[in-house]
There are 2 protein chains.
Amino acid sequence: MSGRTVTIAQVAKHAGVAVSTVSYVLSGKRTISADTRRRVLDSISELGYHPNAGARALASKRSNVIALVLPLRAGMHVPVLMRFASAVVTAARRFDHDVLLLTADEGTAGIRRVAASAMVDALVLMDVELDDRRVPLLRELPEPSVLIGFPAEPAGLTCVDLDFAAAGARCVEHLAERGHEEIALLGAPSVVYERGTGFARRTREGFVEAVEAHALKGVALPCEETFDEVHETVRDLLLDHPGVSGLVVHNEAAVSHVLAALRQLGRRVPDDVAVVAICPDDVAERAGPPLTSVLIPAEEVGREAVRLVMEKLEGRVVPDSTLLAPILAVRAST
Amino acid sequence: MSGRTVTIAQVAKHAGVAVSTVSYVLSGKRTISADTRRRVLDSISELGYHPNAGARALASKRSNVIALVLPLRAGMHVPVLMRFASAVVTAARRFDHDVLLLTADEGTAGIRRVAASAMVDALVLMDVELDDRRVPLLRELPEPSVLIGFPAEPAGLTCVDLDFAAAGARCVEHLAERGHEEIALLGAPSVVYERGTGFARRTREGFVEAVEAHALKGVALPCEETFDEVHETVRDLLLDHPGVSGLVVHNEAAVSHVLAALRQLGRRVPDDVAVVAICPDDVAERAGPPLTSVLIPAEEVGREAVRLVMEKLEGRVVPDSTLLAPILAVRAST
DNA sequence: GCCGGTCGTCGAAGCGCTTCGACAGTTTCA
DNA sequence: TGAAACTGTCGAAGCGCTTCGACGACCGGC
């Protein structure tokens with residue numbers, strides 16, 4: 001309410017105290033008597049006071065904003081990204097911070113800019129690649145940062161992710177428990193492996209190791225995302241490995257095509273072929289039939305990333321690596 | 001370069017000029033001799049100077065940040081959202097602005113907060129509903145705003161969107177040209193219509209009107225998003241309306257299920273049933289078969305929204321309503 | 001050769017906030 | 001019963017930037 005912007009000076013005058021007293025009421029950095037505090041808070045709400053973010057940042061050297069750097073490249077699981085982003089915003093708000101959105105197409109320049117101009121106090125980066133150009137920059141930046149995903153050399157960085165190797169292994173275990181002896185992994189498009197994206201490779205490694213550990217026969221293939229290519233991949237797979245009775249699909253965009261292809265090839269799920277997916281829950285539930293899946297815990301990862309970056313802002317030491325355990329939800333497909 | 005933050009004062013000293021001169025070089029608001037300008041710019045890059053955003057905002061009353069308010073509710077086309085967001089960020093950078101990300105779960109409080117604290121100069125809101133609680137707030141806010149989507153009462157607001165009515169009509173026209181006489185629209189889940197989301201209704205209206213205009217038989221149905229529900233909807237549709245030979249699908253998540261259902265029901269696309277979708281291009285291309293579609297021009301809408309909000313920031317008058325014309329891409333499905 | 005106009009630059013006054021040091025007034029406890 | 005230690009509050013000094021008014025220097029016109 002009231003004409004134009006309300007300043008702390010007006011609040012102070014209205015409450016009959018000094019400007020600094022208002023500031024201390026707000027920050028709690030010095031003790032203020034209950035009586036004074038009341039009066040100040042009353043004035044604040046009566047006048048509709050909101051501290052000016054710029055002035056606050058200038059004086060305190062804290063902007064209360066964190067940067068969220070999104071990838072937005074080919075081959076990404078866009079809906080998952082969105083859920084990460086949403087989780088990050090929500091979590092940041094809990095720490096009284098806002099989120100500045102950066103896209104990767106500005107490259108390292110954007111990161112440097114927002115850090116150097118003190119627009120943000122800290123950074124959260126998504127979809128980090130094994131050999132990520134932004135990593136060296138982060139190391140030399142004074143602002144704390146947290147990565148979602150793992151680069152090849154994560155020493156000295158703080159990284160969070162689903163434990164994809166464990167997720168791959170968990171799927172294999174599940175199929176082994178169900179008695180399948182020959183299984184296959186349909187993964188990301190080959191370009192994603194070539195780019196060195198960590199999660200795709202780690203899932204495959206977990207798959208391969210678990211296959212060996214359980215003495216199964218297993219094959220891991222990349223998988224493109226158009227219907228025709230998926231159909232071809234599935235057909236060739238079933239021809240080349242007729243004994244395959246279990247499928248792990250780690251490719252959100254291809255999931256429904258895989259199911260359609262199996263249907264068309266006359267394979268019933270789960271009677272002829274069991275299918276486990278690594279994908280968001282809603283995709284698994286929406287599929288026909290609903291898929292047994294390891295969910296990608298976007299909310300949890302986002303929340304954890306924010307928690308870690310806030311810890312670092314407080315100057316506390318946090319673990320270099322945080323791997324979230326996979327959770328398998330059993331549905332109709334196995 | 002150099003130890004800790006570089007200020008404008010250090011640049012001024014290094015270049016042998018006054019602080020204000022450096023400022024004018026940067027802003028171009030007063031004429032500066034070529035010689036002085038050179039020296040200042042050299043000092044800036046030598047010292048690695050980046051203006052402090054907080055100080056700048058405080059002194060100039062401009063934060064050079066716009067807020068992007070995302071919905072993140074059930075029934076949303078998440079990948080489309082992401083592309084909007086990305087387009088908005090890219091466009092904003094072109095105007096030398098950054099983007100603060102807000103999610104709707106903070107409600108109107110978040111909008112009020114970032115506006116009142118001068119964190120942002122302007123706002124862009126996505127996925128506006130017909131009866132949106134945020135709209136009254138926007139009207140009273142001094143900061144300019146642009147909506148992506150249309151509320152019931154758009155007077156006095158600035159709104160941008162794909163012309164969904166025209167898109168629905170365009171699909172009908174296309175099917176009519178191909179000689180289909182009985183067609184159907186599979187739309188959003190019914191909850192989306194009930195919520196009063198504009199784009200779903202407008203597509204349906206465009207569809208219905210065009211059906212009449214072309215003297216066709218037509219039926220419009222909501223469409224859920226799980227495989228089983230889609231399958232049922234399609235089956236019932238073909239039973240109840242055996243003459244239907246053309247389908248318009250305005251539901252991104254259901255598109256691949258519709259195709260799978262048709263396949264399972266023994267209908268060939270496009271020989272038995274022609275399918276036109278209103279969805280992002282990549283979904284249409286990835287489908288089997290690739291779909292004739294009206295693309296959702298996310299990039300263009302985002303860019304246009306930013307352009308409009310910048311115009312308003314400059315104090316210029318802009319049209320209340322901007323409808324982007326639909327573009328139909330013909331592919332294998334019709 | 002003098003006057004009114006640019007042109008290019010400077011100095012200083014804020015912008016609204018945080019935070020430090022100071023200082024009455026109260027307790028606490030040797 | 002004083003010195004020491006708190007408590008609660010104030011005033012003022014910035015934080016780094018933009019912007020306004022001022023002011024020499026230089027220009028052209030009469």
# chains A, B, ... in the order shown; residues from 1 in each chain; ligands from 1
>>> closest_atom_pairs(of="chain C", to="chain A", cutoff="12 Å", atoms="only C-alpha atoms (C1' of nucleotides)", output="JSON lines")
{"residue": "C:DC15", "atom": "C1'", "partner": "A:Ala55", "partner_atom": "CA", "distance": 7.6}
{"residue": "C:DG16", "atom": "C1'", "partner": "A:Ala55", "partner_atom": "CA", "distance": 5.1}
{"residue": "C:DC17", "atom": "C1'", "partner": "A:Arg56", "partner_atom": "CA", "distance": 4.9}
{"residue": "C:DT18", "atom": "C1'", "partner": "A:Ala59", "partner_atom": "CA", "distance": 5.3}
{"residue": "C:DT19", "atom": "C1'", "partner": "A:Ser20", "partner_atom": "CA", "distance": 8.6}
{"residue": "C:DC20", "atom": "C1'", "partner": "A:Ser20", "partner_atom": "CA", "distance": 11.1}
>>> calpha_fit_and_write(fixed="chain B", moving="chain A", output="compact mmCIF listing (two decimals) with C-alpha atoms, in the first residue's frame")
# COMPACT_ATOMS: atom_id res chain seq x y z
CA MET A 1 42.42 -11.09 -13.36
CA SER A 2 43.76 -9.11 -10.34
CA GLY A 3 43.01 -9.65 -6.68
CA ARG A 4 39.35 -9.61 -5.73
CA THR A 5 36.65 -7.44 -7.16
CA VAL A 6 37.53 -4.58 -9.42
CA THR A 7 35.49 -1.42 -8.96
CA ILE A 8 34.76 1.42 -11.28
CA ALA A 9 37.02 3.62 -9.15
CA GLN A 10 40.00 1.41 -9.89
CA VAL A 11 39.23 1.50 -13.57
CA ALA A 12 38.99 5.28 -13.44
CA LYS A 13 42.30 5.58 -11.67
CA HIS A 14 44.00 3.18 -14.05
CA ALA A 15 42.72 5.10 -17.05
CA GLY A 16 43.42 8.47 -15.49
CA VAL A 17 39.83 9.73 -15.70
CA ALA A 18 36.93 10.40 -13.36
CA VAL A 19 34.59 7.68 -12.21
CA SER A 20 31.73 9.33 -14.02
CA THR A 21 33.64 9.22 -17.27
CA VAL A 22 33.98 5.47 -17.02
CA SER A 23 30.28 5.24 -16.34
CA TYR A 24 29.50 7.32 -19.42
CA VAL A 25 31.77 5.23 -21.58
CA LEU A 26 29.82 2.19 -20.48
CA SER A 27 26.36 3.63 -20.83
CA GLY A 28 26.95 5.92 -23.81
CA LYS A 29 24.69 8.49 -22.22
CA ARG A 30 27.13 11.34 -22.88
CA THR A 31 29.62 11.87 -25.62
CA ILE A 32 33.14 10.81 -24.82
CA SER A 33 36.14 11.43 -27.06
CA ALA A 34 37.39 8.46 -29.02
CA ASP A 35 40.74 8.71 -27.28
CA THR A 36 39.37 8.64 -23.74
CA ARG A 37 36.96 5.89 -24.63
CA ARG A 38 39.82 3.75 -25.87
CA ARG A 39 41.84 4.23 -22.75
CA VAL A 40 38.90 3.41 -20.53
CA LEU A 41 37.97 0.30 -22.48
CA ASP A 42 41.56 -0.85 -22.36
CA SER A 43 41.67 -0.43 -18.62
CA ILE A 44 38.40 -2.28 -18.27
CA SER A 45 39.63 -5.32 -20.10
CA GLU A 46 43.05 -5.17 -18.57
CA LEU A 47 41.64 -5.13 -15.06
CA GLY A 48 38.81 -7.51 -15.90
CA TYR A 49 36.15 -5.14 -14.65
CA HIS A 50 32.51 -6.21 -14.33
CA PRO A 51 30.08 -3.64 -12.96
CA ASN A 52 28.48 -4.66 -9.70
CA ALA A 53 24.87 -5.50 -10.46
CA GLY A 54 23.56 -4.46 -7.08
CA ALA A 55 25.19 -1.06 -7.11
CA ARG A 56 24.02 -0.49 -10.63
CA ALA A 57 20.46 -1.46 -9.80
CA LEU A 58 20.48 0.76 -6.76
CA ALA A 59 21.73 3.81 -8.56
CA SER A 60 19.84 3.39 -11.80
CA LYS A 61 16.64 1.83 -10.51
CA ARG A 62 16.96 -0.84 -13.15
CA SER A 63 17.98 -4.37 -12.32
CA ASN A 64 18.22 -5.58 -15.90
CA VAL A 65 16.48 -8.72 -14.84
CA ILE A 66 13.07 -9.98 -15.87
CA ALA A 67 11.04 -12.58 -14.04
CA LEU A 68 9.83 -15.68 -15.78
CA VAL A 69 6.91 -17.23 -13.96
CA LEU A 70 6.38 -20.88 -14.84
CA PRO A 71 3.34 -22.97 -13.97
CA LEU A 72 4.55 -26.55 -13.28
CA ARG A 73 1.18 -28.06 -12.74
CA ALA A 74 -0.44 -31.30 -13.76
CA GLY A 75 -1.40 -31.68 -17.40
CA MET A 76 1.26 -29.37 -18.72
CA HIS A 77 3.38 -29.97 -21.76
CA VAL A 78 6.62 -29.88 -19.94
CA PRO A 79 9.02 -30.05 -22.87
CA VAL A 80 7.22 -27.18 -24.52
CA LEU A 81 7.58 -25.15 -21.36
CA MET A 82 11.25 -25.79 -21.36
CA ARG A 83 11.59 -24.51 -24.87
CA PHE A 84 9.64 -21.41 -23.97
CA ALA A 85 11.91 -20.86 -21.02
CA SER A 86 14.98 -21.34 -23.09
CA ALA A 87 13.72 -18.95 -25.74
CA VAL A 88 12.92 -16.36 -23.12
CA VAL A 89 16.38 -16.55 -21.63
CA THR A 90 18.06 -16.28 -24.99
CA ALA A 91 15.90 -13.39 -26.08
CA ALA A 92 16.36 -11.59 -22.79
CA ARG A 93 20.12 -11.85 -23.11
CA ARG A 94 19.88 -10.12 -26.45
CA PHE A 95 18.41 -7.17 -24.62
CA ASP A 96 21.13 -7.42 -22.02
CA HIS A 97 18.77 -8.75 -19.40
CA ASP A 98 18.89 -11.84 -17.22
CA VAL A 99 16.04 -14.06 -16.16
CA LEU A 100 14.88 -14.84 -12.66
CA LEU A 101 12.91 -18.05 -12.46
CA LEU A 102 9.78 -18.20 -10.37
CA THR A 103 7.47 -21.15 -10.03
CA ALA A 104 3.78 -20.77 -9.55
CA ASP A 105 3.76 -22.57 -6.23
CA GLU A 106 4.80 -19.43 -4.49
CA GLY A 107 1.66 -17.92 -5.97
CA THR A 108 1.10 -14.21 -6.14
CA ALA A 109 3.38 -13.65 -3.17
CA GLY A 110 6.44 -14.44 -5.25
CA ILE A 111 5.44 -12.01 -7.94
CA ARG A 112 4.76 -9.31 -5.43
CA ARG A 113 8.04 -9.97 -3.69
CA VAL A 114 10.33 -9.75 -6.69
CA ALA A 115 8.52 -6.72 -8.00
CA ALA A 116 8.44 -4.82 -4.73
CA SER A 117 12.05 -5.56 -3.93
CA ALA A 118 13.07 -4.24 -7.33
CA MET A 119 14.74 -7.52 -8.17
CA VAL A 120 13.13 -7.46 -11.59
CA ASP A 121 12.09 -4.75 -14.00
CA ALA A 122 9.38 -6.70 -15.72
CA LEU A 123 7.58 -10.04 -15.80
CA VAL A 124 6.73 -12.74 -18.30
CA LEU A 125 4.11 -15.25 -17.19
CA MET A 126 3.53 -18.59 -18.82
CA ASP A 127 0.49 -20.81 -19.14
CA VAL A 128 -2.05 -18.28 -18.04
CA GLU A 129 -5.47 -19.67 -17.21
CA LEU A 130 -8.79 -18.21 -18.22
CA ASP A 131 -9.43 -17.19 -14.65
CA ASP A 132 -5.97 -16.56 -13.32
CA ARG A 133 -5.45 -15.26 -9.81
CA ARG A 134 -2.29 -13.51 -10.86
CA VAL A 135 -3.99 -11.29 -13.40
CA PRO A 136 -5.51 -8.77 -10.98
CA LEU A 137 -2.13 -8.40 -9.32
CA LEU A 138 -0.43 -7.71 -12.62
CA ARG A 139 -2.86 -4.95 -13.38
CA GLU A 140 -1.97 -3.04 -10.26
CA LEU A 141 1.77 -3.65 -10.50
CA PRO A 142 3.85 -0.75 -11.81
CA GLU A 143 6.21 -3.19 -13.54
CA PRO A 144 5.29 -4.11 -17.08
CA SER A 145 4.31 -7.68 -17.83
CA VAL A 146 3.49 -9.95 -20.72
CA LEU A 147 1.42 -13.11 -20.58
CA ILE A 148 1.93 -16.20 -22.66
CA GLY A 149 -1.63 -17.43 -23.05
CA PHE A 150 -4.91 -15.59 -22.63
CA PRO A 151 -7.01 -15.02 -19.54
CA ALA A 152 -10.76 -14.58 -19.86
CA GLU A 153 -10.52 -10.81 -19.59
CA PRO A 154 -7.35 -9.73 -21.36
CA ALA A 155 -8.21 -6.02 -21.57
CA GLY A 156 -5.34 -3.88 -20.39
CA LEU A 157 -2.89 -6.77 -20.48
CA THR A 158 -0.40 -7.82 -23.09
CA CYS A 159 -0.84 -11.39 -24.25
CA VAL A 160 1.00 -13.55 -26.75
CA ASP A 161 0.18 -17.02 -27.96
CA LEU A 162 -0.11 -19.33 -30.86
CA ASP A 163 -3.48 -18.76 -32.50
CA PHE A 164 -4.89 -22.08 -31.34
CA ALA A 165 -8.30 -21.47 -32.87
CA ALA A 166 -6.63 -20.97 -36.22
CA ALA A 167 -4.47 -24.03 -35.56
CA GLY A 168 -7.54 -26.18 -34.91
CA ALA A 169 -9.18 -24.76 -38.01
CA ARG A 170 -6.06 -25.29 -40.09
CA CYS A 171 -6.00 -28.99 -39.20
CA VAL A 172 -9.65 -29.33 -40.20
CA GLU A 173 -9.00 -27.58 -43.49
CA HIS A 174 -6.11 -29.86 -44.24
CA LEU A 175 -8.22 -32.95 -43.63
CA ALA A 176 -11.04 -31.45 -45.69
CA GLU A 177 -8.64 -30.87 -48.56
CA ARG A 178 -7.61 -34.50 -48.35
CA GLY A 179 -11.23 -35.43 -48.81
CA HIS A 180 -12.12 -36.54 -45.29
CA GLU A 181 -15.74 -35.98 -44.40
CA GLU A 182 -15.97 -37.21 -40.85
CA ILE A 183 -13.23 -36.27 -38.41
CA ALA A 184 -12.49 -36.13 -34.70
CA LEU A 185 -10.45 -34.04 -32.30
CA LEU A 186 -8.63 -35.72 -29.44
CA GLY A 187 -7.75 -32.95 -27.07
CA ALA A 188 -6.31 -32.40 -23.63
CA PRO A 189 -7.29 -34.41 -20.55
CA SER A 190 -10.70 -33.34 -19.32
CA VAL A 191 -9.21 -31.75 -16.21
CA VAL A 192 -7.50 -29.23 -18.45
CA TYR A 193 -10.80 -28.14 -19.97
CA GLU A 194 -12.37 -27.94 -16.57
CA ARG A 195 -9.59 -25.75 -15.31
CA GLY A 196 -10.42 -23.41 -18.12
CA THR A 197 -7.04 -23.46 -19.77
CA GLY A 198 -7.34 -21.26 -22.79
CA PHE A 199 -5.39 -23.08 -25.45
CA ALA A 200 -7.34 -26.32 -25.10
CA ARG A 201 -10.68 -24.59 -25.44
CA ARG A 202 -9.62 -22.36 -28.25
CA THR A 203 -8.37 -25.25 -30.32
CA ARG A 204 -11.67 -26.99 -29.83
CA GLU A 205 -13.62 -23.91 -30.83
CA GLY A 206 -11.53 -23.48 -33.94
CA PHE A 207 -12.06 -27.13 -34.75
CA VAL A 208 -15.82 -26.97 -34.27
CA GLU A 209 -16.25 -23.82 -36.32
CA ALA A 210 -14.14 -25.10 -39.17
CA VAL A 211 -16.03 -28.36 -39.19
CA GLU A 212 -19.23 -26.41 -39.67
CA ALA A 213 -17.72 -24.09 -42.23
CA HIS A 214 -16.60 -27.03 -44.32
CA ALA A 215 -19.87 -28.88 -43.77
CA LEU A 216 -18.10 -31.90 -42.28
CA LYS A 217 -19.15 -34.23 -39.52
CA GLY A 218 -16.97 -33.79 -36.49
CA VAL A 219 -16.65 -34.77 -32.85
CA ALA A 220 -14.37 -33.33 -30.20
CA LEU A 221 -13.30 -35.44 -27.23
CA PRO A 222 -11.00 -34.91 -24.29
CA CYS A 223 -8.19 -37.43 -24.08
CA GLU A 224 -6.36 -38.72 -21.04
CA GLU A 225 -2.72 -39.66 -21.17
CA THR A 226 -2.19 -43.24 -20.03
CA PHE A 227 -1.91 -45.89 -22.68
CA ASP A 228 -4.99 -47.78 -21.54
CA GLU A 229 -7.21 -44.72 -21.42
CA VAL A 230 -6.05 -43.53 -24.82
CA HIS A 231 -6.62 -46.97 -26.25
CA GLU A 232 -10.13 -47.04 -24.86
CA THR A 233 -10.91 -43.56 -26.13
CA VAL A 234 -9.72 -44.40 -29.62
CA ARG A 235 -11.56 -47.70 -29.66
CA ASP A 236 -14.81 -46.14 -28.50
CA LEU A 237 -14.41 -43.34 -30.98
CA LEU A 238 -14.03 -45.74 -33.89
CA LEU A 239 -16.98 -47.79 -32.68
CA ASP A 240 -19.28 -44.85 -32.13
CA HIS A 241 -18.25 -43.06 -35.31
CA PRO A 242 -17.22 -45.72 -37.78
CA GLY A 243 -17.06 -43.15 -40.56
CA VAL A 244 -14.22 -41.20 -38.96
CA SER A 245 -11.23 -41.17 -41.29
CA GLY A 246 -9.33 -38.16 -39.96
CA LEU A 247 -7.98 -37.41 -36.50
CA VAL A 248 -6.67 -34.20 -34.99
CA VAL A 249 -4.60 -34.84 -31.87
CA HIS A 250 -3.88 -31.93 -29.57
CA ASN A 251 -2.18 -33.74 -26.75
CA GLU A 252 1.51 -34.22 -26.86
CA ALA A 253 1.73 -36.92 -24.22
CA ALA A 254 -0.99 -38.98 -25.91
CA VAL A 255 0.30 -38.77 -29.47
CA SER A 256 2.37 -41.93 -29.45
CA HIS A 257 -0.33 -43.83 -27.60
CA VAL A 258 -2.91 -42.82 -30.20
CA LEU A 259 -0.70 -44.17 -32.95
CA ALA A 260 -0.04 -47.38 -31.04
CA ALA A 261 -3.76 -47.81 -30.39
CA LEU A 262 -4.63 -47.34 -34.06
CA ARG A 263 -2.00 -49.90 -34.98
CA GLN A 264 -3.39 -52.35 -32.47
CA LEU A 265 -6.93 -51.79 -33.70
CA GLY A 266 -5.76 -52.67 -37.17
CA ARG A 267 -6.06 -49.17 -38.63
CA ARG A 268 -3.24 -48.08 -40.89
CA VAL A 269 -2.03 -44.48 -40.85
CA PRO A 270 -2.65 -42.71 -43.15
CA ASP A 271 -4.50 -45.26 -45.33
CA ASP A 272 -7.37 -45.95 -42.97
CA VAL A 273 -7.08 -42.97 -40.67
CA ALA A 274 -5.22 -39.74 -41.31
CA VAL A 275 -3.68 -38.06 -38.26
CA VAL A 276 -2.77 -34.40 -37.75
CA ALA A 277 -1.16 -33.36 -34.50
CA ILE A 278 -0.71 -30.04 -32.77
CA CYS A 279 2.57 -30.56 -30.99
CA PRO A 280 6.25 -29.69 -31.03
CA ASP A 281 8.07 -30.59 -34.20
CA ASP A 282 10.40 -33.09 -32.60
CA VAL A 283 7.52 -35.14 -31.24
CA ALA A 284 5.87 -35.15 -34.67
CA GLU A 285 9.06 -36.18 -36.40
CA ARG A 286 9.89 -38.87 -33.92
CA ALA A 287 6.48 -40.53 -34.16
CA GLY A 288 5.82 -43.60 -36.29
CA PRO A 289 4.86 -42.61 -38.90
CA PRO A 290 6.07 -39.01 -38.72
CA LEU A 291 3.04 -36.81 -38.24
CA THR A 292 1.63 -33.97 -40.22
CA SER A 293 1.49 -31.30 -37.56
CA VAL A 294 0.95 -27.74 -36.57
CA LEU A 295 4.04 -26.98 -34.59
CA ILE A 296 3.94 -25.04 -31.36
CA PRO A 297 6.33 -22.20 -32.06
CA ALA A 298 7.80 -22.02 -28.60
CA GLU A 299 10.89 -20.12 -29.61
CA GLU A 300 8.92 -17.55 -31.50
CA VAL A 301 6.41 -17.04 -28.73
CA GLY A 302 9.14 -16.67 -26.14
CA ARG A 303 11.07 -14.24 -28.26
CA GLU A 304 7.99 -12.19 -28.98
CA ALA A 305 7.04 -12.05 -25.32
CA VAL A 306 10.45 -10.69 -24.43
CA ARG A 307 10.39 -8.19 -27.25
CA LEU A 308 7.03 -6.89 -26.08
CA VAL A 309 8.04 -6.61 -22.47
CA MET A 310 11.15 -4.68 -23.48
CA GLU A 311 9.07 -2.30 -25.54
CA LYS A 312 6.88 -1.71 -22.53
CA LEU A 313 9.96 -1.09 -20.39
CA GLU A 314 10.94 1.61 -22.83
CA GLY A 315 7.54 3.14 -22.29
CA ARG A 316 6.24 2.31 -25.72
CA VAL A 317 2.70 1.17 -26.31
CA VAL A 318 2.23 -2.37 -27.60
CA PRO A 319 -0.81 -4.27 -28.86
CA ASP A 320 -2.90 -6.03 -26.22
CA SER A 321 -3.00 -9.21 -28.16
CA THR A 322 -0.48 -10.97 -30.37
CA LEU A 323 -1.57 -14.18 -32.05
CA LEU A 324 1.02 -16.11 -33.98
CA ALA A 325 -0.21 -17.78 -37.14
CA PRO A 326 -0.12 -21.58 -37.17
CA ILE A 327 2.14 -23.34 -39.64
CA LEU A 328 1.23 -26.77 -40.89
CA ALA A 329 4.00 -29.18 -41.79
CA VAL A 330 2.81 -32.05 -43.95
CA ARG A 331 4.40 -35.41 -43.17
CA ALA A 332 3.62 -39.08 -43.69
CA SER A 333 0.48 -39.33 -41.58
CA THR A 334 -2.04 -37.68 -43.94
>>> select_by_dssp(residues="region 199-245 of chain A", states="strand (DSSP E or B)", output="list in words")
Lys217, Gly218, Val219, Ala220 and Leu221 of chain A
>>> write_last_selection(atoms="N, CA and C atoms", output="tab-separated table (two decimals), in the first residue's frame")
chain	number	residue	atom	x	y	z
A	217	LYS	N	23.79	-63.65	-19.53
A	217	LYS	CA	24.23	-63.17	-20.83
A	217	LYS	C	23.59	-61.79	-21.04
A	218	GLY	N	24.39	-60.85	-21.50
A	218	GLY	CA	23.81	-59.52	-21.64
A	218	GLY	C	24.44	-58.75	-22.78
A	219	VAL	N	23.64	-57.85	-23.38
A	219	VAL	CA	24.16	-57.00	-24.44
A	219	VAL	C	23.64	-55.58	-24.22
A	220	ALA	N	24.53	-54.61	-24.45
A	220	ALA	CA	24.13	-53.22	-24.25
A	220	ALA	C	24.21	-52.48	-25.58
A	221	LEU	N	23.10	-51.85	-25.97
A	221	LEU	CA	23.04	-51.15	-27.25
A	221	LEU	C	22.61	-49.71	-27.05
>>> residues_around(residues="DC20 (chain D)", least_positions_apart="4", cutoff="12 Å", atoms="only C-alpha atoms (C1' of nucleotides)", output="JSON, numbers by chain")
{"B": [20], "C": [10, 11, 12, 13, 14]}
>>> write_last_selection(atoms="C-alpha atoms (C1' of nucleotides)", output="PDB file, in the first residue's frame")
ATOM      1  CA  SER B  20      31.735   9.264 -14.039  1.00  0.00           C
TER       2      SER B  20
ATOM      3  C1'  DC C  10      34.931  16.127 -13.547  1.00  0.00           C
ATOM      4  C1'  DG C  11      33.176  16.185  -8.706  1.00  0.00           C
ATOM      5  C1'  DA C  12      29.706  15.278  -5.671  1.00  0.00           C
ATOM      6  C1'  DA C  13      25.292  13.899  -4.250  1.00  0.00           C
ATOM      7  C1'  DG C  14      22.678  10.377  -3.610  1.00  0.00           C
TER       8       DG C  14
END
>>> residues_around(residues="DA12 (chain D)", least_positions_apart="2", cutoff="10 Å", atoms="only C-alpha atoms (C1' of nucleotides)", output="PyMOL selection string")
(chain C and resi 20-21) or (chain D and resi 10+14)
>>> write_last_selection(atoms="C-alpha atoms (C1' of nucleotides)", output="compact mmCIF listing (two decimals), in the first residue's frame")
# COMPACT_ATOMS: atom_id res chain seq x y z
C1' DC C 20 30.61 -1.10 13.25
C1' DG C 21 31.59 1.47 17.21
C1' DC D 10 21.55 4.97 17.78
C1' DG D 14 30.43 3.07 3.67
>>> atom_distance(atom1="C1' of DC3 (chain C)", atom2="C1' of DC23 (chain D)")
16.7 Å
>>> atom_distance(atom1="C1' of DT26 (chain C)", atom2="C1' of DA13 (chain D)")
29.2 Å
>>> atom_distance(atom1="C1' of DT18 (chain D)", atom2="C1' of DG8 (chain C)")
17.7 Å
>>> residues_around(residues="DG25 (chain C)", least_positions_apart="5", cutoff="12 Å", atoms="only C-alpha atoms (C1' of nucleotides)", output="number ranges by chain")
D: 6-9
>>> write_last_selection(atoms="N, CA and C atoms (P, O5', C5', C4', C3', O3' and C1' of nucleotides)", output="PDB file, in the first residue's frame")
ATOM      1  P    DC D   6      29.782 -10.900  29.059  1.00  0.00           P
ATOM      2  O5'  DC D   6      28.439 -10.460  28.354  1.00  0.00           O
ATOM      3  C5'  DC D   6      27.962  -9.150  28.571  1.00  0.00           C
ATOM      4  C4'  DC D   6      26.534  -9.230  29.114  1.00  0.00           C
ATOM      5  C3'  DC D   6      25.513  -9.203  28.001  1.00  0.00           C
ATOM      6  O3'  DC D   6      24.310  -9.841  28.396  1.00  0.00           O
ATOM      7  C1'  DC D   6      25.482  -7.151  29.209  1.00  0.00           C
ATOM      8  P    DT D   7      23.217 -10.197  27.261  1.00  0.00           P
ATOM      9  O5'  DT D   7      21.997  -9.242  27.612  1.00  0.00           O
ATOM     10  C5'  DT D   7      22.248  -7.898  27.910  1.00  0.00           C
ATOM     11  C4'  DT D   7      20.977  -7.099  27.787  1.00  0.00           C
ATOM     12  C3'  DT D   7      20.284  -7.210  26.443  1.00  0.00           C
ATOM     13  O3'  DT D   7      18.901  -6.930  26.642  1.00  0.00           O
ATOM     14  C1'  DT D   7      21.322  -5.084  26.650  1.00  0.00           C
ATOM     15  P    DG D   8      17.860  -7.011  25.398  1.00  0.00           P
ATOM     16  O5'  DG D   8      17.906  -5.511  24.852  1.00  0.00           O
ATOM     17  C5'  DG D   8      17.260  -4.507  25.603  1.00  0.00           C
ATOM     18  C4'  DG D   8      17.415  -3.187  24.889  1.00  0.00           C
ATOM     19  C3'  DG D   8      16.904  -3.184  23.441  1.00  0.00           C
ATOM     20  O3'  DG D   8      16.089  -2.034  23.297  1.00  0.00           O
ATOM     21  C1'  DG D   8      19.107  -2.379  23.511  1.00  0.00           C
ATOM     22  P    DT D   9      15.257  -1.762  21.968  1.00  0.00           P
ATOM     23  O5'  DT D   9      16.129  -0.641  21.259  1.00  0.00           O
ATOM     24  C5'  DT D   9      16.206   0.638  21.885  1.00  0.00           C
ATOM     25  C4'  DT D   9      17.368   1.422  21.331  1.00  0.00           C
ATOM     26  C3'  DT D   9      17.286   1.748  19.844  1.00  0.00           C
ATOM     27  O3'  DT D   9      16.692   3.035  19.723  1.00  0.00           O
ATOM     28  C1'  DT D   9      19.524   1.343  20.624  1.00  0.00           C
TER      29       DT D   9
END
>>> select_by_dssp(residues="region 178-321 of chain B", states="helix (DSSP H, G or I)", output="PyMOL selection string")
chain B and resi 190-195+198-213+227-240+252-264+281-286+298-313
>>> interface_residues(of="chain D", to="chain B", cutoff="10 Å", atoms="only C-alpha atoms (C1' of nucleotides)", output="list of chain:residue names")
D:DC15, D:DG16, D:DC17, D:DT18, D:DT19
